[in-house]
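Peer 1: My file is work.cif. It has mmCIF, C-alpha atoms:
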```cif
data_target
loop_
_atom_site.label_atom_id
_atom_site.label_comp_id
_atom_site.auth_asym_id
_atom_site.auth_seq_id
_atom_site.Cartn_x
_atom_site.Cartn_y
_atom_site.Cartn_z
CA MET T 1 0.00 0.00 0.00
CA HIS T 2 2.77 2.41 0.97
CA ALA T 3 4.80 1.58 -2.16
CA TRP T 4 1.75 2.20 -4.37
CA ILE T 5 1.13 5.64 -2.86
CA LYS T 6 4.80 6.55 -3.26
CA THR T 7 4.85 5.44 -6.91
CA ARG T 8 1.74 7.49 -7.69
CA ILE T 9 3.26 10.63 -6.18
CA GLU T 10 6.51 10.21 -8.14
CA ALA T 11 4.62 9.76 -11.40
CA ARG T 12 2.67 12.95 -10.72
CA ASP T 13 5.85 14.93 -10.05
CA LEU T 14 7.47 13.65 -13.27
CA ARG T 15 4.49 14.86 -15.30
CA VAL T 16 4.67 18.29 -13.68
CA ASP T 17 8.42 18.64 -14.29
CA SER T 18 8.08 17.62 -17.91
CA GLN T 19 5.39 20.24 -18.45
CA ASN T 20 7.64 22.94 -16.90
CA GLY T 21 10.71 22.08 -19.07
CA VAL T 22 12.63 20.47 -16.29
CA ASP T 23 14.52 17.30 -16.88
CA PRO T 24 12.73 14.69 -14.87
CA ALA T 25 15.95 12.92 -13.99
CA VAL T 26 17.45 16.11 -12.60
CA ALA T 27 14.26 17.01 -10.79
CA ARG T 28 14.16 13.58 -9.27
CA ARG T 29 17.65 14.08 -7.85
CA THR T 30 17.05 17.68 -6.63
CA THR T 31 13.45 17.44 -5.32
CA PRO T 32 13.11 15.80 -1.94
CA SER T 33 10.49 13.00 -1.72
CA PRO T 34 7.50 13.73 0.57
CA SER T 35 7.37 11.73 3.75
CA PHE T 36 4.78 9.00 4.23
CA SER T 37 3.18 10.83 7.15
CA SER T 38 2.58 13.95 5.06
CA VAL T 39 0.91 11.90 2.37
CA VAL T 40 -1.41 10.23 4.88
CA ARG T 41 -2.22 13.61 6.41
CA GLU T 42 -3.14 14.97 3.00
CA VAL T 43 -5.46 12.05 2.30
CA MET T 44 -7.20 12.38 5.69
CA VAL T 45 -7.75 16.11 5.21
CA GLY T 46 -9.35 15.46 1.82
CA THR T 47 -11.63 12.81 3.25
CA SER T 48 -12.74 15.07 6.10
CA MET T 49 -13.57 17.87 3.73
CA GLN T 50 -15.66 15.53 1.60
CA LYS T 51 -17.67 14.35 4.62
CA TYR T 52 -18.26 17.90 5.79
CA VAL T 53 -19.48 19.07 2.40
CA CYS T 54 -21.82 16.05 2.03
CA SER T 55 -23.31 16.46 5.52
CA ALA T 56 -23.91 20.16 4.88
CA LEU T 57 -25.52 19.65 1.47
CA GLU T 58 -27.71 16.62 2.31
CA PRO T 59 -30.58 18.51 4.11
CA VAL T 60 -30.62 21.13 1.37
CA LEU T 61 -30.83 18.50 -1.35
CA ARG T 62 -33.56 16.59 0.47
CA ARG T 63 -35.69 19.73 0.86
CA VAL T 64 -35.25 20.73 -2.78
CA VAL T 65 -36.18 17.24 -4.01
CA ARG T 66 -39.23 17.05 -1.72
CA GLU T 67 -40.51 20.46 -2.80
CA GLU T 68 -40.07 19.58 -6.45
CA VAL T 69 -41.88 16.27 -6.07
CA ASP T 70 -44.79 17.94 -4.20
CA ARG T 71 -45.05 20.63 -6.85
CA ARG T 72 -45.12 18.14 -9.70
CA LEU T 73 -47.62 15.87 -7.92
CA THR T 74 -49.97 18.76 -7.11
CA HIS T 75 -49.85 19.92 -10.69
CA HIS T 76 -50.59 16.40 -11.95
CA LEU T 77 -53.53 15.78 -9.57
CA GLY T 78 -55.01 19.15 -10.45
CA GLN T 79 -55.32 18.06 -14.06
CA LEU T 80 -57.26 14.87 -13.18
CA PRO T 81 -61.10 14.98 -13.59
CA ARG T 82 -62.78 15.41 -10.20
CA SER T 83 -65.38 12.87 -9.01
CA PRO T 84 -68.85 14.41 -8.79
CA GLN T 85 -70.14 14.98 -5.26
CA PRO T 86 -72.97 12.56 -4.32
CA GLN T 87 -76.38 14.08 -4.79
CA THR T 88 -78.25 14.65 -1.53
CA PRO T 89 -81.64 12.95 -1.95
CA SER T 90 -84.80 14.83 -1.04
CA LEU T 91 -87.11 11.79 -1.22
CA GLN T 92 -86.75 8.34 0.27
CA LEU T 93 -88.50 5.00 0.59
CA ILE T 94 -89.16 3.62 4.08
CA PHE T 95 -90.51 0.43 5.60
CA THR T 96 -93.31 1.59 7.87
CA SER T 97 -92.83 -1.05 10.58
CA PRO T 98 -90.13 -3.48 11.80
CA LEU T 99 -90.26 -7.09 10.66
CA SER T 100 -91.81 -9.90 12.66
CA LEU T 101 -88.99 -12.11 13.95
CA PRO T 102 -87.78 -14.78 13.71
CA ILE T 103 -88.02 -15.33 9.96
CA PHE T 104 -88.01 -18.82 8.45
CA THR T 105 -87.66 -20.01 4.89
CA ARG T 106 -91.00 -20.68 3.16
CA GLY T 107 -92.75 -18.47 5.73
CA LYS T 108 -94.57 -15.24 4.88
CA ILE T 109 -92.61 -12.13 5.79
CA LYS T 110 -94.80 -9.80 7.86
CA ASP T 111 -94.33 -6.81 10.13
CA LYS T 112 -94.21 -6.97 13.93
CA ASP T 113 -97.99 -6.60 14.12
CA ASP T 114 -98.48 -9.58 11.82
CA ASN T 115 -99.60 -7.32 8.95
CA PRO T 116 -98.26 -7.31 5.38
CA LEU T 117 -95.11 -5.28 4.82
CA GLN T 118 -95.69 -1.73 3.65
CA ILE T 119 -93.35 0.79 2.05
CA GLN T 120 -93.94 4.50 1.64
CA LEU T 121 -92.41 7.33 -0.35
CA VAL T 122 -91.72 10.28 1.94
CA ARG T 123 -89.59 13.38 2.16
CA CYS T 124 -86.20 12.76 3.74
CA GLU T 125 -86.06 13.21 7.53
CA SER T 126 -89.78 13.99 7.73
CA GLY T 127 -91.20 10.61 8.69
CA PRO T 128 -94.24 8.71 7.42
CA SER T 129 -96.65 11.61 7.92
CA SER T 130 -95.57 13.32 4.70
CA ILE T 131 -96.31 10.72 2.04
CA ILE T 132 -95.43 11.85 -1.48
CA SER T 133 -97.56 10.81 -4.44
CA LEU T 134 -95.94 10.87 -7.89
CA GLU T 135 -97.53 10.60 -11.32
CA PRO T 136 -97.10 8.31 -13.00
CA PRO T 137 -96.60 6.14 -9.92
CA PRO T 138 -93.12 4.59 -9.82
CA ARG T 139 -92.51 0.91 -9.20
CA ALA T 140 -90.44 -0.31 -6.27
CA GLU T 141 -88.28 -3.41 -6.17
CA ILE T 142 -87.70 -5.46 -3.01
CA VAL T 143 -84.19 -6.92 -2.76
CA VAL T 144 -82.02 -8.79 -0.27
CA LEU T 145 -78.94 -7.05 1.13
CA ASP T 146 -75.90 -8.27 3.03
CA GLY T 147 -76.51 -7.73 6.74
CA ASP T 148 -73.20 -5.85 7.05
CA PHE T 149 -74.43 -3.05 4.77
CA PRO T 150 -74.14 -0.14 5.37
CA PHE T 151 -70.67 -0.22 6.91
CA ASN T 152 -70.03 1.79 10.10
CA HIS T 153 -73.78 2.60 10.25
CA ASP T 154 -73.25 5.24 7.54
CA ASP T 155 -76.60 5.87 5.84
CA ASN T 156 -75.20 8.24 3.21
CA TRP T 157 -74.70 5.51 0.66
CA THR T 158 -74.86 6.01 -3.10
CA PRO T 159 -77.09 4.03 -5.49
CA LYS T 160 -73.97 2.23 -6.75
CA GLU T 161 -72.97 1.20 -3.21
CA PHE T 162 -76.50 -0.02 -2.52
CA SER T 163 -76.60 -2.10 -5.71
CA SER T 164 -73.16 -3.61 -5.04
CA HIS T 165 -74.47 -5.21 -1.82
CA VAL T 166 -77.61 -6.76 -3.30
CA LEU T 167 -77.42 -10.53 -2.83
CA ARG T 168 -78.28 -13.15 -5.42
CA GLU T 169 -79.20 -16.77 -4.92
CA ARG T 170 -76.56 -19.44 -4.50
CA LYS T 171 -75.59 -21.40 -7.58
CA GLY T 172 -78.22 -23.99 -8.40
CA LYS T 173 -80.77 -22.49 -5.98
CA ARG T 174 -84.11 -20.80 -6.56
CA PRO T 175 -84.29 -16.98 -6.45
CA LEU T 176 -83.44 -15.89 -2.92
CA LEU T 177 -86.67 -13.91 -2.53
CA VAL T 178 -89.97 -14.91 -4.15
CA GLY T 179 -93.42 -13.37 -4.18
CA GLU T 180 -94.34 -9.74 -4.76
CA CYS T 181 -90.80 -8.47 -5.32
CA ARG T 182 -92.07 -5.55 -7.47
CA VAL T 183 -94.92 -3.31 -6.42
CA THR T 184 -96.40 0.00 -7.58
CA LEU T 185 -96.33 3.01 -5.26
CA ARG T 186 -99.87 4.24 -5.68
CA GLU T 187 -100.35 7.51 -3.84
CA GLY T 188 -96.92 6.91 -2.33
CA VAL T 189 -97.82 3.62 -0.62
CA ALA T 190 -97.42 -0.07 -1.51
CA SER T 191 -98.31 -3.20 0.48
CA ILE T 192 -96.51 -6.50 -0.03
CA GLN T 193 -98.90 -9.37 0.57
CA GLU T 194 -96.76 -12.35 -0.46
CA LEU T 195 -93.02 -12.45 0.18
CA GLU T 196 -90.80 -15.25 1.43
CA PHE T 197 -87.20 -16.45 1.49
CA THR T 198 -86.15 -19.68 -0.20
CA ASP T 199 -82.75 -19.95 1.51
CA ASN T 200 -81.36 -19.28 4.96
CA SER T 201 -78.70 -16.69 5.76
CA SER T 202 -76.00 -19.02 7.09
CA TRP T 203 -73.95 -19.03 3.85
CA ILE T 204 -72.76 -15.42 3.93
CA ARG T 205 -70.04 -14.09 6.22
CA SER T 206 -72.32 -11.85 8.30
CA ARG T 207 -74.96 -14.61 8.57
CA ASN T 208 -77.56 -11.86 8.38
CA PHE T 209 -79.76 -10.31 5.71
CA ARG T 210 -81.55 -7.02 5.33
CA LEU T 211 -84.48 -6.27 3.08
CA GLY T 212 -84.07 -3.28 0.82
CA ALA T 213 -86.47 -1.34 -1.38
CA ARG T 214 -85.44 0.77 -4.37
CA VAL T 215 -87.17 2.40 -7.31
CA SER T 216 -87.13 0.02 -10.28
CA PRO T 217 -84.87 1.24 -13.09
CA GLY T 218 -86.85 2.76 -15.96
CA SER T 219 -90.02 3.39 -13.93
CA TYR T 220 -89.09 6.88 -12.79
CA GLU T 221 -87.12 9.90 -13.95
CA GLY T 222 -86.47 12.74 -11.55
CA VAL T 223 -84.59 13.57 -8.36
CA ARG T 224 -82.92 10.71 -6.60
CA ILE T 225 -85.12 8.61 -4.31
CA LYS T 226 -83.07 7.11 -1.50
CA GLU T 227 -83.43 3.38 -0.93
CA ALA T 228 -85.04 1.85 2.18
CA ILE T 229 -83.48 -0.84 4.36
CA THR T 230 -84.70 -2.86 7.33
CA GLU T 231 -82.78 -3.86 10.42
CA ARG T 232 -80.48 -6.87 9.99
CA PHE T 233 -81.96 -10.27 10.78
CA THR T 234 -81.25 -13.99 10.52
CA VAL T 235 -83.23 -16.29 8.26
CA LEU T 236 -83.58 -19.81 9.66
CA ASP T 237 -84.46 -23.02 7.88
CA HIS T 238 -88.18 -23.75 7.99
CA ARG T 239 -87.49 -27.05 9.73
CA GLY T 240 -86.46 -24.99 12.77
CA GLU T 241 -89.91 -23.40 12.87
CA LEU T 242 -91.19 -26.55 14.54
CA ASN T 243 -89.04 -25.61 17.55
CA LYS T 244 -89.54 -21.85 17.57
CA LYS T 245 -90.75 -19.94 20.60
CA HIS T 246 -94.21 -18.40 20.67
CA PHE T 247 -94.75 -14.72 21.45
CA PRO T 248 -96.95 -14.74 23.40
CA PRO T 249 -97.27 -18.41 24.34
CA SER T 250 -100.64 -20.05 24.87
CA LEU T 251 -101.69 -22.08 27.90
CA HIS T 252 -101.66 -25.31 25.94
CA ASP T 253 -98.26 -24.75 24.29
CA ARG T 254 -95.58 -27.24 25.18
CA VAL T 255 -93.31 -25.86 27.87
CA TRP T 256 -90.31 -25.76 25.47
CA ARG T 257 -92.05 -22.92 23.64
CA LEU T 258 -90.79 -20.73 26.49
CA LYS T 259 -87.47 -18.90 26.38
CA ASN T 260 -84.40 -20.82 27.59
CA ILE T 261 -86.20 -24.19 27.53
CA ALA T 262 -85.02 -26.21 24.53
CA LYS T 263 -87.10 -29.01 23.10
CA ASN T 264 -85.88 -32.29 24.62
CA GLY T 265 -83.19 -30.34 26.46
CA LYS T 266 -82.25 -30.76 30.11
CA PHE T 267 -84.87 -28.31 31.41
CA ASP T 268 -87.61 -29.82 29.25
CA THR T 269 -86.67 -33.30 30.45
CA ARG T 270 -86.61 -32.33 34.13
CA LEU T 271 -89.97 -30.60 33.89
CA ALA T 272 -91.52 -33.55 32.05
CA LEU T 273 -90.36 -35.95 34.79
CA ALA T 274 -92.15 -33.69 37.31
CA GLY T 275 -95.37 -33.76 35.24
CA ILE T 276 -94.95 -30.23 33.84
CA THR T 277 -95.45 -30.44 30.10
CA THR T 278 -97.41 -27.30 29.16
CA VAL T 279 -97.11 -23.58 29.76
CA GLN T 280 -100.21 -23.84 31.96
CA ASP T 281 -98.51 -26.48 34.13
CA PHE T 282 -95.45 -24.23 34.40
CA LEU T 283 -97.47 -21.19 35.45
CA LYS T 284 -99.60 -23.11 37.97
CA LEU T 285 -96.56 -24.37 39.84
CA SER T 286 -94.92 -20.94 39.70
CA VAL T 287 -98.00 -19.55 41.48
CA VAL T 288 -98.42 -22.31 44.04
CA ASN T 289 -94.78 -23.15 44.82
CA GLN T 290 -92.20 -21.17 42.89
CA GLN T 291 -89.35 -22.52 44.99
CA ARG T 292 -90.27 -26.07 43.97
CA LEU T 293 -90.30 -25.07 40.30
CA ARG T 294 -86.82 -23.61 40.54
CA GLN T 295 -85.58 -26.74 42.29
CA ILE T 296 -86.86 -28.83 39.37
CA LEU T 297 -85.04 -26.63 36.86
CA GLY T 298 -81.84 -26.86 38.89
CA GLN T 299 -78.78 -24.64 39.14
CA GLY T 300 -78.27 -24.70 35.38
CA MET T 301 -80.91 -21.99 35.04
CA SER T 302 -79.32 -18.74 36.20
CA GLU T 303 -81.20 -15.85 37.76
CA ARG T 304 -81.13 -13.98 34.47
CA MET T 305 -82.48 -16.99 32.55
CA TRP T 306 -85.19 -17.54 35.14
CA ASN T 307 -86.35 -13.94 34.90
CA GLU T 308 -86.47 -14.19 31.10
CA THR T 309 -88.42 -17.46 31.19
CA ILE T 310 -90.98 -16.46 33.80
CA THR T 311 -91.48 -13.07 32.15
CA HIS T 312 -92.12 -14.78 28.83
CA ALA T 313 -94.53 -17.23 30.45
CA THR T 314 -96.56 -14.48 32.12
CA THR T 315 -97.29 -12.83 28.76
CA CYS T 316 -99.66 -15.73 28.15
CA ASN T 317 -103.35 -14.87 27.84
CA VAL T 318 -105.03 -16.95 30.54
CA GLY T 319 -108.56 -16.39 29.23
CA ASP T 320 -111.86 -16.00 31.11
CA GLU T 321 -112.40 -19.52 32.38
CA LEU T 322 -112.70 -20.02 36.14
CA TYR T 323 -112.54 -23.15 38.30
CA LEU T 324 -114.23 -24.00 41.61
CA TYR T 325 -112.78 -26.08 44.41
CA HIS T 326 -115.21 -26.84 47.24
CA GLY T 327 -114.03 -26.95 50.82
CA GLU T 328 -116.02 -27.78 53.94
CA PHE T 329 -117.26 -24.24 54.59
CA SER T 330 -116.20 -22.30 51.49
CA THR T 331 -115.44 -22.55 47.82
CA VAL T 332 -112.27 -21.14 46.28
CA VAL T 333 -112.44 -19.70 42.75
CA PHE T 334 -109.30 -20.03 40.59
CA ASN T 335 -108.25 -18.76 37.20
CA PRO T 336 -106.54 -21.23 34.82
CA ILE T 337 -103.08 -20.78 36.37
CA CYS T 338 -104.21 -21.42 39.96
CA GLN T 339 -104.38 -17.80 41.02
CA VAL T 340 -107.21 -17.19 43.51
CA TRP T 341 -109.95 -15.15 41.91
CA GLY T 342 -112.10 -15.10 45.06
CA VAL T 343 -113.57 -17.08 47.96
CA MET T 344 -117.30 -17.86 48.01
CA VAL T 345 -119.06 -18.06 51.40
CA ASN T 346 -122.85 -18.24 51.85
CA GLY T 347 -123.48 -16.90 48.37
CA MET T 348 -121.07 -14.00 48.78
CA THR T 349 -117.67 -13.68 47.07
CA TYR T 350 -114.70 -12.31 49.01
CA ALA T 351 -111.16 -11.36 48.01
CA LEU T 352 -108.30 -12.94 49.95
CA GLU T 353 -107.48 -9.69 51.71
CA GLN T 354 -111.03 -9.61 53.11
CA LEU T 355 -110.56 -12.87 55.03
CA THR T 356 -109.49 -13.10 58.64
CA PRO T 357 -105.96 -14.46 59.20
CA GLN T 358 -107.26 -17.85 60.31
CA HIS T 359 -109.55 -18.25 57.33
CA ALA T 360 -106.76 -17.10 55.01
CA ILE T 361 -104.67 -20.00 56.34
CA ASP T 362 -107.55 -22.40 55.69
CA VAL T 363 -107.83 -21.08 52.12
CA GLN T 364 -104.10 -21.61 51.58
CA MET T 365 -104.63 -25.27 52.45
CA LEU T 366 -107.48 -25.43 49.95
CA ILE T 367 -105.20 -23.93 47.28
CA GLN T 368 -102.66 -26.72 47.78
CA GLU T 369 -105.44 -29.34 47.65
CA ALA T 370 -106.88 -27.78 44.50
CA TYR T 371 -103.47 -27.84 42.79
CA GLN T 372 -103.02 -31.53 43.63
CA ASN T 373 -106.54 -32.37 42.36
CA TRP T 374 -106.78 -29.95 39.44
CA ASN T 375 -108.60 -32.38 37.19
CA GLN T 376 -111.43 -32.58 39.72
CA LEU T 377 -112.15 -28.84 39.73
CA GLU T 378 -115.43 -27.59 38.35
CA GLU T 379 -115.06 -25.30 35.35
CA ILE T 380 -117.48 -22.37 35.05
CA ASP T 381 -118.03 -19.37 32.82
CA GLY T 382 -116.10 -16.46 34.26
CA ALA T 383 -118.41 -13.88 32.69
CA SER T 384 -121.43 -15.26 34.60
CA LEU T 385 -119.58 -15.14 37.90
CA ASN T 386 -118.44 -11.61 37.21
CA ARG T 387 -122.04 -10.52 36.65
CA ALA T 388 -123.18 -12.24 39.85
CA THR T 389 -120.37 -10.64 41.86
CA GLU T 390 -121.16 -7.18 40.53
CA ALA T 391 -124.82 -7.65 41.55
CA GLN T 392 -124.04 -8.55 45.16
CA PRO T 393 -124.49 -5.73 47.77
CA SER T 394 -121.50 -3.62 48.72
CA ARG T 395 -119.71 -4.70 51.86
CA SER T 396 -116.90 -3.75 54.22
CA SER T 397 -113.33 -4.75 53.56
CA VAL T 398 -113.29 -7.60 56.14
CA MET T 399 -115.72 -10.30 57.20
CA THR T 400 -118.06 -9.45 60.08
CA PRO T 401 -118.46 -11.65 63.19
CA ASP T 402 -121.94 -12.74 62.01
CA GLU T 403 -120.46 -13.87 58.70
CA LEU T 404 -117.74 -15.80 60.50
CA GLN T 405 -120.39 -17.62 62.56
CA GLY T 406 -122.26 -18.36 59.37
CA ILE T 407 -119.17 -20.01 57.93
CA GLU T 408 -118.74 -22.28 60.91
CA ALA T 409 -122.41 -23.32 60.89
CA SER T 410 -122.95 -23.61 57.14
CA PRO T 411 -122.58 -26.69 55.00
CA SER T 412 -120.42 -26.57 51.87
CA THR T 413 -121.36 -23.80 49.58
CA VAL T 414 -123.29 -24.84 46.51
CA PRO T 415 -122.39 -22.59 43.54
CA MET T 416 -125.78 -23.12 41.87
CA GLU T 417 -127.36 -21.00 44.64
CA MET T 418 -125.65 -18.02 42.92
CA GLY T 419 -127.25 -18.87 39.66
CA LEU T 420 -124.06 -20.32 38.20
#
```
Output the file's structure as structure tokens, nothing else.

Peer 2:
Amino acid sequence: MHAWIKTRIEARDLRVDSQNGVDPAVARRTTPSPSFSSVVREVMVGTSMQKYVCSALEPVLRRVVREEVDRRLTHHLGQLPRSPQPQTPSLQLIFTSPLSLPIFTRGKIKDKDDNPLQIQLVRCESGPSSIISLEPPPRAEIVVLDGDFPFNHDDNWTPKEFSSHVLRERKGKRPLLVGECRVTLREGVASIQELEFTDNSSWIRSRNFRLGARVSPGSYEGVRIKEAITERFTVLDHRGELNKKHFPPSLHDRVWRLKNIAKNGKFDTRLALAGITTVQDFLKLSVVNQQRLRQILGQGMSERMWNETITHATTCNVGDELYLYHGEFSTVVFNPICQVWGVMVNGMTYALEQLTPQHAIDVQMLIQEAYQNWNQLEEIDGASLNRATEAQPSRSSVMTPDELQGIEASPSTVPMEMGL
């Protein structure tokens, strides 16, 4: 390395001497050779200068390049055609009522009040009270949408975005939605009498559908009419309808029609072993001995589940029928779920709170007996008893001593004496 540097320096000096008219041989003898340390010092000084210049120029060069790139890019983007701003619609379609859930394949789609679906044409943000009638009346098309649309709950979609999320049937399947998929908006309103799904919603990622309504292409020319959408929902196979819950349940429904009790599940099995097979059986035991009912269900039914189940059960319409259970001195009147309607004594009907404490205890014993012998109770028309009770003279809130003596001396009350 040292020899190479020395040779290079000598060659340089010979070229300089030749250019100045000096004999290189003489110059070589008269000019002293530079020392190695001076050569190294020279090289290091040159390298340091180069680093200094580069470090000083780098920020300047970066800024110049960045500004030039930004200027060119801004100029280029400014020449591109701008996308038109989405038109703000002044009219929209709406579904007038939420859907009745759950929805099964092959089942008619109705609203929550069990009426046919209805769509209306209204002014945006003004509600169903301002129905708009157009002439000629446009036609509306009912479509199925992915349940994930619109994303982020953004309802400012464009017609193109709406159309891109319309679902079609699976390959080899029937049309996803059949029935009255196209209706005419006469005076701004259209009812959909027949509409049903042919396939469930389990095959798409969201596992949910929405129904949408849009103006049919070619049936209308004018300002944009915004499309309508329902809430997202799941469509189940019609075979699952056999196991669906009833809202409200009826007295004679099987007990698994109640929330949280699955058909042939552990709760259904436990209740069946205890002789509780219908909603009426469930409600009767909940009235007479709720603690016993909860013991039958077991710890698997949490407090939250219990509250849901009993609340669902109590929405049942118990009807007007009444039942009589005859004791030694009185007759207890029950409704169909073993709630005490009244106590009949000597042709008069009393509420429980009108009885003395001792007689209230006696009636509680009759309630337990009546529950155990329910099939032996006498069924009567509740309307007739109501009329008879309303016709009886007004009385004080508690039984009088004379009435108490009458109870102890009287034989069993015969309901026919009240004209029942």

Peer 1: Once the PyMOL selection byres ((chain T and resi 335) around 8) has been applied to the shown file, what residues remain in the selection, as a ChimeraX atom specification?

Peer 2: /T:318,320-323,333-334,336-341

Peer 1: Restricting the output to C-alpha atoms, write the selected residues as a JSON list (two decimals), in the coordinates of the input.

Peer 2:
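Output file part16.json follows:
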```
[["chain", "number", "residue", "atom", "x", "y", "z"],
["T", 318, "VAL", "CA", -105.03, -16.95, 30.54],
["T", 320, "ASP", "CA", -111.86, -16.00, 31.11],
["T", 321, "GLU", "CA", -112.40, -19.52, 32.38],
["T", 322, "LEU", "CA", -112.70, -20.02, 36.14],
["T", 323, "TYR", "CA", -112.54, -23.15, 38.30],
["T", 333, "VAL", "CA", -112.44, -19.70, 42.75],
["T", 334, "PHE", "CA", -109.30, -20.03, 40.59],
["T", 336, "PRO", "CA", -106.54, -21.23, 34.82],
["T", 337, "ILE", "CA", -103.08, -20.78, 36.37],
["T", 338, "CYS", "CA", -104.21, -21.42, 39.96],
["T", 339, "GLN", "CA", -104.38, -17.80, 41.02],
["T", 340, "VAL", "CA", -107.21, -17.19, 43.51],
["T", 341, "TRP", "CA", -109.95, -15.15, 41.91]]
```

Peer 1: Convert the output of the PyMOL selection byres ((chain T and resi 133-141) around 6) on the shown file into explicit residues, formatted as a ChimeraX atom specification.

Peer 2: /T:132,142,181-188,213-216,219-220

Peer 1: Any chance you could resolve the PyMOL selection byres ((chain T and resi 202) around 12) against this file and give the residues as a tab-separated table (two decimals) with C-alpha atoms, keeping the file's coordinate frame?

Peer 2:
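As written to disk, result_36.tsv reads:
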```tsv
chain	number	residue	atom	x	y	z
T	105	THR	CA	-87.66	-20.01	4.89
T	146	ASP	CA	-75.90	-8.27	3.03
T	147	GLY	CA	-76.51	-7.73	6.74
T	170	ARG	CA	-76.56	-19.44	-4.50
T	199	ASP	CA	-82.75	-19.95	1.51
T	200	ASN	CA	-81.36	-19.28	4.96
T	201	SER	CA	-78.70	-16.69	5.76
T	203	TRP	CA	-73.95	-19.03	3.85
T	204	ILE	CA	-72.76	-15.42	3.93
T	205	ARG	CA	-70.04	-14.09	6.22
T	206	SER	CA	-72.32	-11.85	8.30
T	207	ARG	CA	-74.96	-14.61	8.57
T	208	ASN	CA	-77.56	-11.86	8.38
T	209	PHE	CA	-79.76	-10.31	5.71
T	233	PHE	CA	-81.96	-10.27	10.78
T	234	THR	CA	-81.25	-13.99	10.52
T	235	VAL	CA	-83.23	-16.29	8.26
T	236	LEU	CA	-83.58	-19.81	9.66
T	237	ASP	CA	-84.46	-23.02	7.88
```

Peer 1: Can you work out which one of T:Asn243, T:Thr278, T:Gln372, T:Gln291 has the shortest atom-to-atom distance to T:Pro102, counting all atoms listed in the file?

Peer 2: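 The shortest atom-to-atom distance to T:Pro102 comes from T:Asn243.
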
Peer 1: Quick one: of T:Phe95, T:Phe197, T:Phe282, T:Phe247, who's nearest to T:Gly107, counting all atoms listed in the file?

Peer 2: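 Nearest to T:Gly107: T:Phe197.
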
Peer 1: Counting only C-alpha atoms, what is within 9 Å of T:Asp111, bar same-chain residues fewer than 4 positions away, as a list in words?

Peer 2: Thr96, Ser97, Pro98, Leu99, Ser100, Leu101, Asn115, Pro116, Leu117 and Gln118 of chain T

Peer 1: Give as a list of chain:residue names every residue, naming chains and numbers as the document does, that has an atom within 12 Å of (-86.1, -28.3, 40.1), counting all atoms listed in the file.

Peer 2: T:Lys266, T:Phe267, T:Asp268, T:Thr269, T:Arg270, T:Leu271, T:Ala272, T:Leu273, T:Ala274, T:Gly275, T:Ile276, T:Phe282, T:Leu285, T:Ser286, T:Asn289, T:Gln290, T:Gln291, T:Arg292, T:Leu293, T:Arg294, T:Gln295, T:Ile296, T:Leu297, T:Gly298, T:Gln299, T:Gly300, T:Met301, T:Trp306

Peer 1: Show me as an MDAnalysis selection string the residues that reach within 10 Å of (-82.1, 6.6, 2.4), counting all atoms listed in the file and using the file's own coordinates.

Peer 2: chainID T and resid 88:94 124:125 155:159 162 213:214 224:229

Peer 1: So what do you get for atom CA of T:Glu196 versus atom CA of T:Gly172, distance-wise?

Peer 2: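 Value for the atom CA of T:Glu196-atom CA of T:Gly172 distance: 18.2 Å.
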
Peer 1: If I take atom CA of T:Ile310 and atom CA of T:Thr331, how far is one from the other in Å, to one decimal?

Peer 2: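 Straight-line distance from atom CA of T:Ile310 to atom CA of T:Thr331 works out to 28.8 Å.
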
Peer 1: With distances taken over all atoms listed in the file, which residue among T:Glu378, T:Asp148, T:Glu303, T:Asp362 lies nearest T:Arg232?

Peer 2: T:Asp148

Peer 1: For a test of reading the model, state the distance in Å between atom CA of T:His238 and atom CA of T:Asn317, rounded to one decimal.

Peer 2: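 So the two atoms, atom CA of T:His238 and atom CA of T:Asn317, lie 26.5 Å apart.
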
Peer 1: Compare T:Val332, T:Val144, T:Val166, T:Pro248 by their minimum atom-to-atom distance to T:Tyr350, counting all atoms listed in the file, and give me the closest one.

Peer 2: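 Checking each of T:Val332, T:Val144, T:Val166, T:Pro248 against T:Tyr350, counting all atoms listed in the file, the winner is T:Val332.
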
Peer 1: Give me the box for stretch 158-175 of chain T as AutoDock Vina command-line options, namely the centre and edge lengths in Å to one decimal of a box along x, y and z that holds every listed atom plus 4 Å on each side.

Peer 2:
```
--center_x -78.6 --center_y -9.0 --center_z -5.1 --size_x 19.3 --size_y 38.0 --size_z 14.6
```

Peer 1: Rank T:Thr356, T:Ser191, T:Thr309, T:Thr230 by their smallest atom-to-atom distance to T:Lys259, using only C-alpha atoms, and report the top residue only.

Peer 2: T:Thr309

Peer 1: Since the input lacks atoms, please generate N, CA and C atoms for stretch 225-229 of chain T and provide them as a PDB file, keeping the file's coordinate frame.

Peer 2:
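Dumped everything to selection-v3.pdb:
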```
ATOM      1  N   ILE T 225     -84.316   9.124  -5.424  1.00  0.00           N
ATOM      2  CA  ILE T 225     -85.120   8.610  -4.310  1.00  0.00           C
ATOM      3  C   ILE T 225     -84.245   7.621  -3.547  1.00  0.00           C
ATOM      4  N   LYS T 226     -83.958   7.946  -2.304  1.00  0.00           N
ATOM      5  CA  LYS T 226     -83.070   7.110  -1.500  1.00  0.00           C
ATOM      6  C   LYS T 226     -83.741   5.770  -1.181  1.00  0.00           C
ATOM      7  N   GLU T 227     -82.924   4.728  -1.170  1.00  0.00           N
ATOM      8  CA  GLU T 227     -83.430   3.380  -0.930  1.00  0.00           C
ATOM      9  C   GLU T 227     -83.761   3.158   0.543  1.00  0.00           C
ATOM     10  N   ALA T 228     -84.664   2.220   0.810  1.00  0.00           N
ATOM     11  CA  ALA T 228     -85.040   1.850   2.180  1.00  0.00           C
ATOM     12  C   ALA T 228     -84.350   0.562   2.580  1.00  0.00           C
ATOM     13  N   ILE T 229     -84.026   0.422   3.855  1.00  0.00           N
ATOM     14  CA  ILE T 229     -83.480  -0.840   4.360  1.00  0.00           C
ATOM     15  C   ILE T 229     -84.127  -1.151   5.704  1.00  0.00           C
TER      16      ILE T 229
END
```
